[in-house]
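File shown: upload.cif. Contents: mmCIF, C-alpha atoms.
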data_my_file
#
loop_
_atom_site.group_PDB
_atom_site.id
_atom_site.type_symbol
_atom_site.label_atom_id
_atom_site.label_comp_id
_atom_site.auth_asym_id
_atom_site.auth_seq_id
_atom_site.Cartn_x
_atom_site.Cartn_y
_atom_site.Cartn_z
ATOM 1 C CA MET A 1 23.263 -40.453 20.182
ATOM 2 C CA ARG A 2 19.756 -39.611 18.974
ATOM 3 C CA ARG A 3 19.296 -37.170 21.852
ATOM 4 C CA TYR A 4 22.594 -35.530 20.979
ATOM 5 C CA LEU A 5 21.598 -35.095 17.303
ATOM 6 C CA LEU A 6 18.140 -33.813 18.267
ATOM 7 C CA SER A 7 19.703 -31.256 20.640
ATOM 8 C CA ILE A 8 22.050 -30.003 17.942
ATOM 9 C CA LEU A 9 19.173 -29.767 15.449
ATOM 10 C CA LEU A 10 16.972 -27.802 17.872
ATOM 11 C CA LEU A 11 19.824 -25.489 18.831
ATOM 12 C CA GLY A 12 20.611 -24.914 15.155
ATOM 13 C CA CYS A 13 16.987 -23.997 14.402
ATOM 14 C CA ALA A 14 16.951 -21.532 17.291
ATOM 15 C CA CYS A 15 20.020 -19.781 15.891
ATOM 16 C CA LEU A 16 18.648 -19.318 12.383
ATOM 17 C CA PRO A 17 17.904 -15.714 11.443
ATOM 18 C CA SER A 18 14.212 -14.955 11.728
ATOM 19 C CA GLN A 19 11.872 -12.471 10.158
ATOM 20 C CA ALA A 20 9.850 -9.964 12.149
ATOM 21 C CA GLN A 21 6.494 -8.537 11.177
ATOM 22 C CA SER A 22 5.314 -5.018 11.993
ATOM 23 C CA HIS A 23 1.766 -3.791 11.569
ATOM 24 C CA VAL A 24 0.677 -0.685 9.710
ATOM 25 C CA LEU A 25 -0.704 1.942 12.076
ATOM 26 C CA ALA A 26 -4.121 2.585 10.503
ATOM 27 C CA ASP A 27 -4.799 5.867 12.312
ATOM 28 C CA LEU A 28 -1.668 7.416 10.799
ATOM 29 C CA SER A 29 -1.500 5.794 7.340
ATOM 30 C CA PHE A 30 -3.238 6.809 4.112
ATOM 31 C CA VAL A 31 -2.934 7.412 0.391
ATOM 32 C CA ARG A 32 -3.643 10.643 -1.433
ATOM 33 C CA PHE A 33 -4.588 10.672 -5.086
ATOM 34 C CA SER A 34 -5.087 13.247 -7.804
ATOM 35 C CA ILE A 35 -6.661 13.060 -11.243
ATOM 36 C CA SER A 36 -7.566 15.670 -13.850
ATOM 37 C CA SER A 37 -11.206 16.594 -14.269
ATOM 38 C CA MET A 38 -12.821 18.481 -17.148
ATOM 39 C CA GLY A 39 -9.374 19.102 -18.647
ATOM 40 C CA PHE A 40 -8.615 22.117 -16.444
ATOM 41 C CA ASN A 41 -9.312 21.020 -12.875
ATOM 42 C CA THR A 42 -7.625 18.507 -10.592
ATOM 43 C CA VAL A 43 -9.601 16.410 -8.133
ATOM 44 C CA GLU A 44 -7.648 15.394 -5.071
ATOM 45 C CA GLY A 45 -8.674 12.879 -2.476
ATOM 46 C CA LYS A 46 -7.572 10.664 0.345
ATOM 47 C CA ILE A 47 -8.247 7.120 1.504
ATOM 48 C CA ASP A 48 -7.293 6.518 5.112
ATOM 49 C CA ARG A 49 -7.347 3.601 7.565
ATOM 50 C CA MET A 50 -4.629 1.681 5.697
ATOM 51 C CA ALA A 51 -4.123 -1.777 7.192
ATOM 52 C CA GLY A 52 -1.590 -4.540 6.751
ATOM 53 C CA ALA A 53 1.880 -5.637 7.695
ATOM 54 C CA VAL A 54 5.495 -5.221 6.662
ATOM 55 C CA THR A 55 7.865 -8.140 7.173
ATOM 56 C CA PHE A 56 11.519 -7.410 7.881
ATOM 57 C CA GLY A 57 14.498 -9.663 7.234
ATOM 58 C CA PRO A 58 17.039 -10.869 9.784
ATOM 59 C CA ALA A 59 18.864 -7.514 9.842
ATOM 60 C CA GLY A 60 15.651 -5.987 11.157
ATOM 61 C CA ASN A 61 15.700 -2.754 9.190
ATOM 62 C CA ILE A 62 15.204 -3.942 5.612
ATOM 63 C CA PRO A 63 11.675 -4.863 4.510
ATOM 64 C CA VAL A 64 11.338 -8.120 2.602
ATOM 65 C CA SER A 65 7.579 -8.069 1.960
ATOM 66 C CA CYS A 66 4.371 -6.164 2.587
ATOM 67 C CA ASP A 67 0.657 -6.791 2.290
ATOM 68 C CA ILE A 68 -1.441 -3.628 2.493
ATOM 69 C CA SER A 69 -5.134 -2.864 2.063
ATOM 70 C CA LEU A 70 -7.334 0.220 2.017
ATOM 71 C CA PRO A 71 -11.113 0.331 2.561
ATOM 72 C CA VAL A 72 -12.707 1.965 -0.477
ATOM 73 C CA SER A 73 -15.500 3.255 1.786
ATOM 74 C CA ARG A 74 -12.985 5.696 3.334
ATOM 75 C CA ILE A 75 -12.549 7.691 0.106
ATOM 76 C CA ASN A 76 -12.752 11.423 0.767
ATOM 77 C CA THR A 77 -12.528 14.179 -1.857
ATOM 78 C CA GLU A 78 -14.129 16.834 0.383
ATOM 79 C CA ASN A 79 -17.291 16.565 -1.744
ATOM 80 C CA GLU A 80 -19.869 14.198 -0.226
ATOM 81 C CA SER A 81 -21.930 13.685 -3.386
ATOM 82 C CA ARG A 82 -18.810 12.935 -5.443
ATOM 83 C CA ASP A 83 -17.561 10.533 -2.750
ATOM 84 C CA GLU A 84 -20.894 8.680 -2.823
ATOM 85 C CA HIS A 85 -20.712 8.464 -6.623
ATOM 86 C CA LEU A 86 -17.156 7.089 -6.508
ATOM 87 C CA LEU A 87 -18.438 4.152 -4.430
ATOM 88 C CA LYS A 88 -20.987 3.176 -7.117
ATOM 89 C CA PRO A 89 -20.487 0.410 -9.718
ATOM 90 C CA ASP A 90 -19.248 2.699 -12.516
ATOM 91 C CA PHE A 91 -16.256 3.783 -10.401
ATOM 92 C CA PHE A 92 -14.946 1.691 -7.471
ATOM 93 C CA ASP A 93 -18.015 -0.549 -6.985
ATOM 94 C CA ALA A 94 -17.377 -0.623 -3.234
ATOM 95 C CA ALA A 95 -20.229 -3.054 -2.565
ATOM 96 C CA ALA A 96 -18.577 -5.736 -4.720
ATOM 97 C CA TYR A 97 -14.933 -4.709 -4.123
ATOM 98 C CA PRO A 98 -14.651 -3.159 -0.662
ATOM 99 C CA ASN A 99 -10.828 -3.058 -0.525
ATOM 100 C CA ILE A 100 -7.850 -1.945 -2.546
ATOM 101 C CA ARG A 101 -4.925 -4.313 -1.970
ATOM 102 C CA PHE A 102 -1.206 -4.264 -2.647
ATOM 103 C CA GLN A 103 0.953 -7.365 -2.214
ATOM 104 C CA SER A 104 4.677 -7.032 -2.754
ATOM 105 C CA GLN A 105 6.537 -9.602 -4.811
ATOM 106 C CA SER A 106 10.019 -8.156 -4.462
ATOM 107 C CA ILE A 107 11.716 -5.332 -2.605
ATOM 108 C CA GLN A 108 15.103 -4.134 -3.799
ATOM 109 C CA SER A 109 17.398 -1.403 -2.515
ATOM 110 C CA ALA A 110 17.341 1.535 -4.920
ATOM 111 C CA GLY A 111 19.352 4.683 -4.248
ATOM 112 C CA GLU A 112 18.208 6.178 -0.952
ATOM 113 C CA GLY A 113 15.201 3.881 -0.673
ATOM 114 C CA PHE A 114 13.569 0.806 -2.135
ATOM 115 C CA SER A 115 11.854 -0.287 -5.298
ATOM 116 C CA VAL A 116 8.793 -2.312 -4.370
ATOM 117 C CA ASP A 117 7.299 -4.437 -7.147
ATOM 118 C CA GLY A 118 3.980 -6.129 -6.595
ATOM 119 C CA LYS A 119 0.347 -6.675 -7.421
ATOM 120 C CA LEU A 120 -2.164 -3.849 -7.045
ATOM 121 C CA THR A 121 -5.804 -4.950 -7.027
ATOM 122 C CA LEU A 122 -8.572 -2.407 -7.661
ATOM 123 C CA ARG A 123 -12.150 -3.341 -8.513
ATOM 124 C CA GLY A 124 -11.175 -7.009 -8.801
ATOM 125 C CA VAL A 125 -8.484 -6.293 -11.417
ATOM 126 C CA THR A 126 -4.867 -7.041 -10.539
ATOM 127 C CA ARG A 127 -1.925 -5.374 -12.289
ATOM 128 C CA GLN A 128 1.813 -5.264 -11.676
ATOM 129 C CA VAL A 129 3.154 -1.953 -10.366
ATOM 130 C CA SER A 130 6.538 -0.714 -9.239
ATOM 131 C CA ILE A 131 6.640 1.818 -6.423
ATOM 132 C CA PRO A 132 9.721 3.812 -5.407
ATOM 133 C CA ILE A 133 9.680 4.038 -1.598
ATOM 134 C CA LYS A 134 11.673 6.050 0.921
ATOM 135 C CA ALA A 135 11.807 5.299 4.639
ATOM 136 C CA PHE A 136 12.122 7.769 7.513
ATOM 137 C CA PRO A 137 12.112 7.391 11.281
ATOM 138 C CA THR A 138 9.023 9.120 12.661
ATOM 139 C CA GLY A 139 10.591 10.747 15.691
ATOM 140 C CA LEU A 140 7.234 10.268 17.385
ATOM 141 C CA ALA A 141 6.393 8.322 20.525
ATOM 142 C CA ALA A 142 7.727 4.861 21.259
ATOM 143 C CA GLY A 143 6.052 2.161 19.185
ATOM 144 C CA ILE A 144 5.733 4.423 16.143
ATOM 145 C CA GLY A 145 8.781 3.539 14.139
ATOM 146 C CA ILE A 146 9.063 4.026 10.398
ATOM 147 C CA VAL A 147 7.268 6.126 7.783
ATOM 148 C CA TYR A 148 7.292 4.843 4.213
ATOM 149 C CA THR A 149 6.456 7.321 1.455
ATOM 150 C CA GLY A 150 6.215 6.878 -2.277
ATOM 151 C CA THR A 151 4.540 8.176 -5.408
ATOM 152 C CA PHE A 152 3.455 6.256 -8.480
ATOM 153 C CA ARG A 153 0.911 6.495 -11.289
ATOM 154 C CA ILE A 154 -1.699 4.162 -12.699
ATOM 155 C CA ASN A 155 -4.158 4.327 -15.572
ATOM 156 C CA ARG A 156 -7.717 4.039 -14.186
ATOM 157 C CA LEU A 157 -8.879 2.303 -17.382
ATOM 158 C CA ASP A 158 -6.455 -0.581 -16.702
ATOM 159 C CA TYR A 159 -8.584 -1.342 -13.628
ATOM 160 C CA GLY A 160 -11.988 -0.885 -15.259
ATOM 161 C CA ILE A 161 -12.714 2.326 -13.375
ATOM 162 C CA ALA A 162 -15.227 4.646 -15.074
ATOM 163 C CA THR A 163 -14.685 3.115 -18.508
ATOM 164 C CA ASP A 164 -17.860 4.778 -19.832
ATOM 165 C CA THR A 165 -16.702 8.219 -18.708
ATOM 166 C CA GLY A 166 -14.919 10.279 -21.338
ATOM 167 C CA THR A 167 -11.312 11.263 -20.703
ATOM 168 C CA LEU A 168 -12.280 14.941 -20.854
ATOM 169 C CA MET A 169 -14.533 14.464 -17.810
ATOM 170 C CA VAL A 170 -12.047 12.318 -15.913
ATOM 171 C CA GLY A 171 -8.374 11.948 -16.812
ATOM 172 C CA ASN A 172 -6.887 8.511 -17.325
ATOM 173 C CA GLU A 173 -3.763 8.902 -15.215
ATOM 174 C CA VAL A 174 -4.049 8.851 -11.433
ATOM 175 C CA GLU A 175 -1.150 9.966 -9.260
ATOM 176 C CA ILE A 176 -0.995 8.131 -5.932
ATOM 177 C CA ASP A 177 1.025 9.267 -2.903
ATOM 178 C CA ILE A 178 1.578 6.785 -0.081
ATOM 179 C CA TYR A 179 2.121 7.654 3.575
ATOM 180 C CA CYS A 180 2.457 4.426 5.554
ATOM 181 C CA VAL A 181 3.455 4.385 9.241
ATOM 182 C CA VAL A 182 4.662 1.064 10.612
ATOM 183 C CA GLU A 183 4.943 0.187 14.290
ATOM 184 C CA ASP A 184 8.364 -0.057 15.853
ATOM 185 C CA LYS A 185 9.472 -3.661 16.245
#
Now that the file is in, can you turn its structure into structure tokens?
Amino acid sequence: MRRYLLSILLLGCACLPSQAQSHVLADLSFVRFSISSMGFNTVEGKIDRMAGAVTFGPAGNIPVSCDISLPVSRINTENESRDEHLLKPDFFDAAAYPNIRFQSQSIQSAGEGFSVDGKLTLRGVTRQVSIPIKAFPTGLAAGIGIVYTGTFRINRLDYGIATDTGTLMVGNEVEIDIYCVVEDK
């Protein structure tokens, strides 16, 4: 009788829906950002080599969580001296805080995409953000499955970035565009 119950229990566990995890393809994934400078100029930049994973539910095509990070050292504004300055303690303080991290807390269907709510950590400060995301098949080679894109804004002062810099020199609002490619499961 015990063997019979154990067999049923094991069979039942094997039939439960499972979650699958797909990794972010670092060579293809990045964020772009833009912020006003001097009141009349816009500085644009990119941070590449995004890493992390997206977990999908039993249906296989709907994400249920993600954990993503970006190395601050990969910041690129096409101006080497500015990039070096952005790594210093008054901006990103890359020596103390080498990564930017986003951890989802909930993902909900929203229109043609998803609303991803989670914790964004910059410079050791964590704040709640909500990111509207759309998903597209890549149409690229096998193993390269889904592209997630989204745009959201943050206030740099909320994260302690360049708090001694006047808002005329550097705007407060940063627009962030995400381009995240996830491997095919």
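Separating CA of Val31 (chain A) from CA of Ser73 (chain A) is a distance of 13.3 Å.
With only C-alpha atoms as the atoms that count, the residue of A:Ala95, A:Ser34, A:Pro63, A:Gln108 with the shortest distance to Arg156 (chain A) is A:Ser34.
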CA of Tyr148 (chain A) and CA of Asp48 (chain A), how far apart in Å?
14.7 Å
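The gap separating CA of Val24 (chain A) from CA of Ala53 (chain A) is 5.5 Å, in Å to one decimal.
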From the set A:Val64, A:Val116, A:Val174, A:Leu70, which residue has the shortest atom-to-atom contact distance to Phe30 (chain A), counting only C-alpha atoms?
A:Leu70
Skipping near chain neighbours, those fewer than 2 positions away, what residues fall within 12 Å of Glu84 (chain A) using all atoms listed in the file, listed as a compact mmCIF listing (two decimals) with C-alpha atoms, in the coordinates of the input?
# COMPACT_ATOMS: atom_id res chain seq x y z
CA VAL A 72 -12.71 1.96 -0.48
CA SER A 73 -15.50 3.26 1.79
CA ARG A 74 -12.98 5.70 3.33
CA ILE A 75 -12.55 7.69 0.11
CA ASN A 76 -12.75 11.42 0.77
CA THR A 77 -12.53 14.18 -1.86
CA GLU A 78 -14.13 16.83 0.38
CA ASN A 79 -17.29 16.57 -1.74
CA GLU A 80 -19.87 14.20 -0.23
CA SER A 81 -21.93 13.68 -3.39
CA ARG A 82 -18.81 12.94 -5.44
CA LEU A 86 -17.16 7.09 -6.51
CA LEU A 87 -18.44 4.15 -4.43
CA LYS A 88 -20.99 3.18 -7.12
CA PRO A 89 -20.49 0.41 -9.72
CA ASP A 90 -19.25 2.70 -12.52
CA PHE A 91 -16.26 3.78 -10.40
CA PHE A 92 -14.95 1.69 -7.47
CA ASP A 93 -18.02 -0.55 -6.98
CA ALA A 94 -17.38 -0.62 -3.23
CA ALA A 95 -20.23 -3.05 -2.56
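The shortest atom-to-atom distance to Ile154 (chain A), with all atoms listed in the file taken into account, belongs to A:Leu120 out of A:Leu120, A:Ala51, A:Val43, A:Ile133.
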Of A:Arg123, A:His85, A:Arg32, A:Lys46, the one sitting nearest Asp158 (chain A) when using all atoms listed in the file is A:Arg123
Would you kindly translate the PyMOL selection byres ((chain A and resi 56) around 12) into the concrete residues it picks from this file, as a PyMOL selection string?
chain A and resi 17-23+53-55+57-66+107+146+182-185
Taking the file as I've supplied it (selection: the PyMOL selection byres ((chain A and resi 129) around 9)), which residues are included? Please answer as a PyMOL selection string.
chain A and resi 116-120+127-128+130-131+152-154
Can you tell me which residues surround Thr42 (chain A) at a distance of at most 10 Å, considering all atoms listed in the file, apart from same-chain residues fewer than 5 positions away, and format the answer as a PyMOL selection string?
chain A and resi 34-37+170-171
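Put simply, the PyMOL selection byres ((chain A and resi 29) around 7) on this file hits Leu25, Ala26, Asp27, Leu28, Phe30, Asp48, Arg49, Met50, Tyr179, Cys180 and Val181 of chain A.
Among the candidates A:Asp83, A:Asp177, A:Asp164, A:Asp67, the residue lying nearest to Ser104 (chain A) is A:Asp67 (atoms considered: only C-alpha atoms).
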Could I get region 83-163 of chain A from the block written out with C-alpha atoms, as an mmCIF file, in the first residue's frame?
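Output below, filename result28.cif:
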data_model
loop_
_atom_site.group_PDB
_atom_site.id
_atom_site.type_symbol
_atom_site.label_atom_id
_atom_site.label_comp_id
_atom_site.auth_asym_id
_atom_site.auth_seq_id
_atom_site.Cartn_x
_atom_site.Cartn_y
_atom_site.Cartn_z
ATOM 1 C CA ASP A 83 32.129 58.186 -19.345
ATOM 2 C CA GLU A 84 35.055 58.126 -16.899
ATOM 3 C CA HIS A 85 33.422 60.892 -14.847
ATOM 4 C CA LEU A 86 30.100 59.021 -14.725
ATOM 5 C CA LEU A 87 31.888 56.105 -13.026
ATOM 6 C CA LYS A 88 33.149 58.346 -10.186
ATOM 7 C CA PRO A 89 31.518 58.644 -6.734
ATOM 8 C CA ASP A 90 29.452 61.760 -7.526
ATOM 9 C CA PHE A 91 27.571 59.900 -10.283
ATOM 10 C CA PHE A 92 27.349 56.076 -10.399
ATOM 11 C CA ASP A 93 30.221 55.291 -7.989
ATOM 12 C CA ALA A 94 31.062 52.169 -9.997
ATOM 13 C CA ALA A 95 33.791 51.072 -7.580
ATOM 14 C CA ALA A 96 31.274 50.750 -4.730
ATOM 15 C CA TYR A 97 28.208 49.847 -6.846
ATOM 16 C CA PRO A 98 29.370 47.972 -9.944
ATOM 17 C CA ASN A 99 25.904 46.848 -11.115
ATOM 18 C CA ILE A 100 22.458 48.207 -11.799
ATOM 19 C CA ARG A 101 19.830 45.593 -10.927
ATOM 20 C CA PHE A 102 16.146 45.099 -11.616
ATOM 21 C CA GLN A 103 14.123 42.395 -9.866
ATOM 22 C CA SER A 104 10.504 41.954 -10.859
ATOM 23 C CA GLN A 105 7.839 41.562 -8.206
ATOM 24 C CA SER A 106 4.855 41.135 -10.497
ATOM 25 C CA ILE A 107 4.180 40.826 -14.205
ATOM 26 C CA GLN A 108 0.678 41.478 -15.486
ATOM 27 C CA SER A 109 -0.773 41.393 -18.988
ATOM 28 C CA ALA A 110 -1.451 44.938 -20.166
ATOM 29 C CA GLY A 111 -2.848 45.642 -23.625
ATOM 30 C CA GLU A 112 -0.438 44.264 -26.214
ATOM 31 C CA GLY A 113 2.294 43.589 -23.669
ATOM 32 C CA PHE A 114 3.044 43.431 -19.972
ATOM 33 C CA SER A 115 3.346 45.737 -17.018
ATOM 34 C CA VAL A 116 6.393 44.730 -15.010
ATOM 35 C CA ASP A 117 6.574 46.090 -11.464
ATOM 36 C CA GLY A 118 9.737 45.634 -9.470
ATOM 37 C CA LYS A 119 12.735 46.984 -7.637
ATOM 38 C CA LEU A 120 15.374 49.006 -9.476
ATOM 39 C CA THR A 121 18.667 49.389 -7.612
ATOM 40 C CA LEU A 122 21.139 52.103 -8.639
ATOM 41 C CA ARG A 123 24.052 53.237 -6.489
ATOM 42 C CA GLY A 124 22.809 51.101 -3.594
ATOM 43 C CA VAL A 125 19.375 52.775 -3.574
ATOM 44 C CA THR A 126 16.328 50.654 -4.370
ATOM 45 C CA ARG A 127 13.053 52.127 -5.636
ATOM 46 C CA GLN A 128 9.848 50.664 -7.032
ATOM 47 C CA VAL A 129 9.324 51.156 -10.768
ATOM 48 C CA SER A 130 6.714 50.037 -13.257
ATOM 49 C CA ILE A 131 7.858 49.270 -16.786
ATOM 50 C CA PRO A 132 5.533 48.751 -19.757
ATOM 51 C CA ILE A 133 7.041 45.945 -21.859
ATOM 52 C CA LYS A 134 6.294 44.581 -25.315
ATOM 53 C CA ALA A 135 7.543 41.241 -26.615
ATOM 54 C CA PHE A 136 8.508 40.334 -30.180
ATOM 55 C CA PRO A 137 9.934 37.208 -31.774
ATOM 56 C CA THR A 138 13.419 37.992 -33.067
ATOM 57 C CA GLY A 139 13.234 36.132 -36.353
ATOM 58 C CA LEU A 140 16.947 35.494 -35.922
ATOM 59 C CA ALA A 141 18.797 32.196 -35.690
ATOM 60 C CA ALA A 142 17.627 29.287 -33.578
ATOM 61 C CA GLY A 143 18.206 29.827 -29.867
ATOM 62 C CA ILE A 144 17.483 33.554 -30.099
ATOM 63 C CA GLY A 145 13.850 33.745 -29.172
ATOM 64 C CA ILE A 146 12.192 36.836 -27.754
ATOM 65 C CA VAL A 147 12.981 40.555 -27.675
ATOM 66 C CA TYR A 148 11.513 42.581 -24.823
ATOM 67 C CA THR A 149 11.389 46.356 -25.237
ATOM 68 C CA GLY A 150 10.156 49.058 -22.922
ATOM 69 C CA THR A 151 10.587 52.688 -21.955
ATOM 70 C CA PHE A 152 10.291 54.278 -18.537
ATOM 71 C CA ARG A 153 11.579 57.301 -16.634
ATOM 72 C CA ILE A 154 13.297 57.799 -13.311
ATOM 73 C CA ASN A 155 14.477 60.806 -11.338
ATOM 74 C CA ARG A 156 18.269 60.572 -10.854
ATOM 75 C CA LEU A 157 18.008 62.383 -7.503
ATOM 76 C CA ASP A 158 15.849 59.537 -6.127
ATOM 77 C CA TYR A 159 18.938 57.325 -6.491
ATOM 78 C CA GLY A 160 21.482 59.804 -5.133
ATOM 79 C CA ILE A 161 23.076 60.376 -8.528
ATOM 80 C CA ALA A 162 24.893 63.714 -8.902
ATOM 81 C CA THR A 163 22.983 65.347 -6.052
#
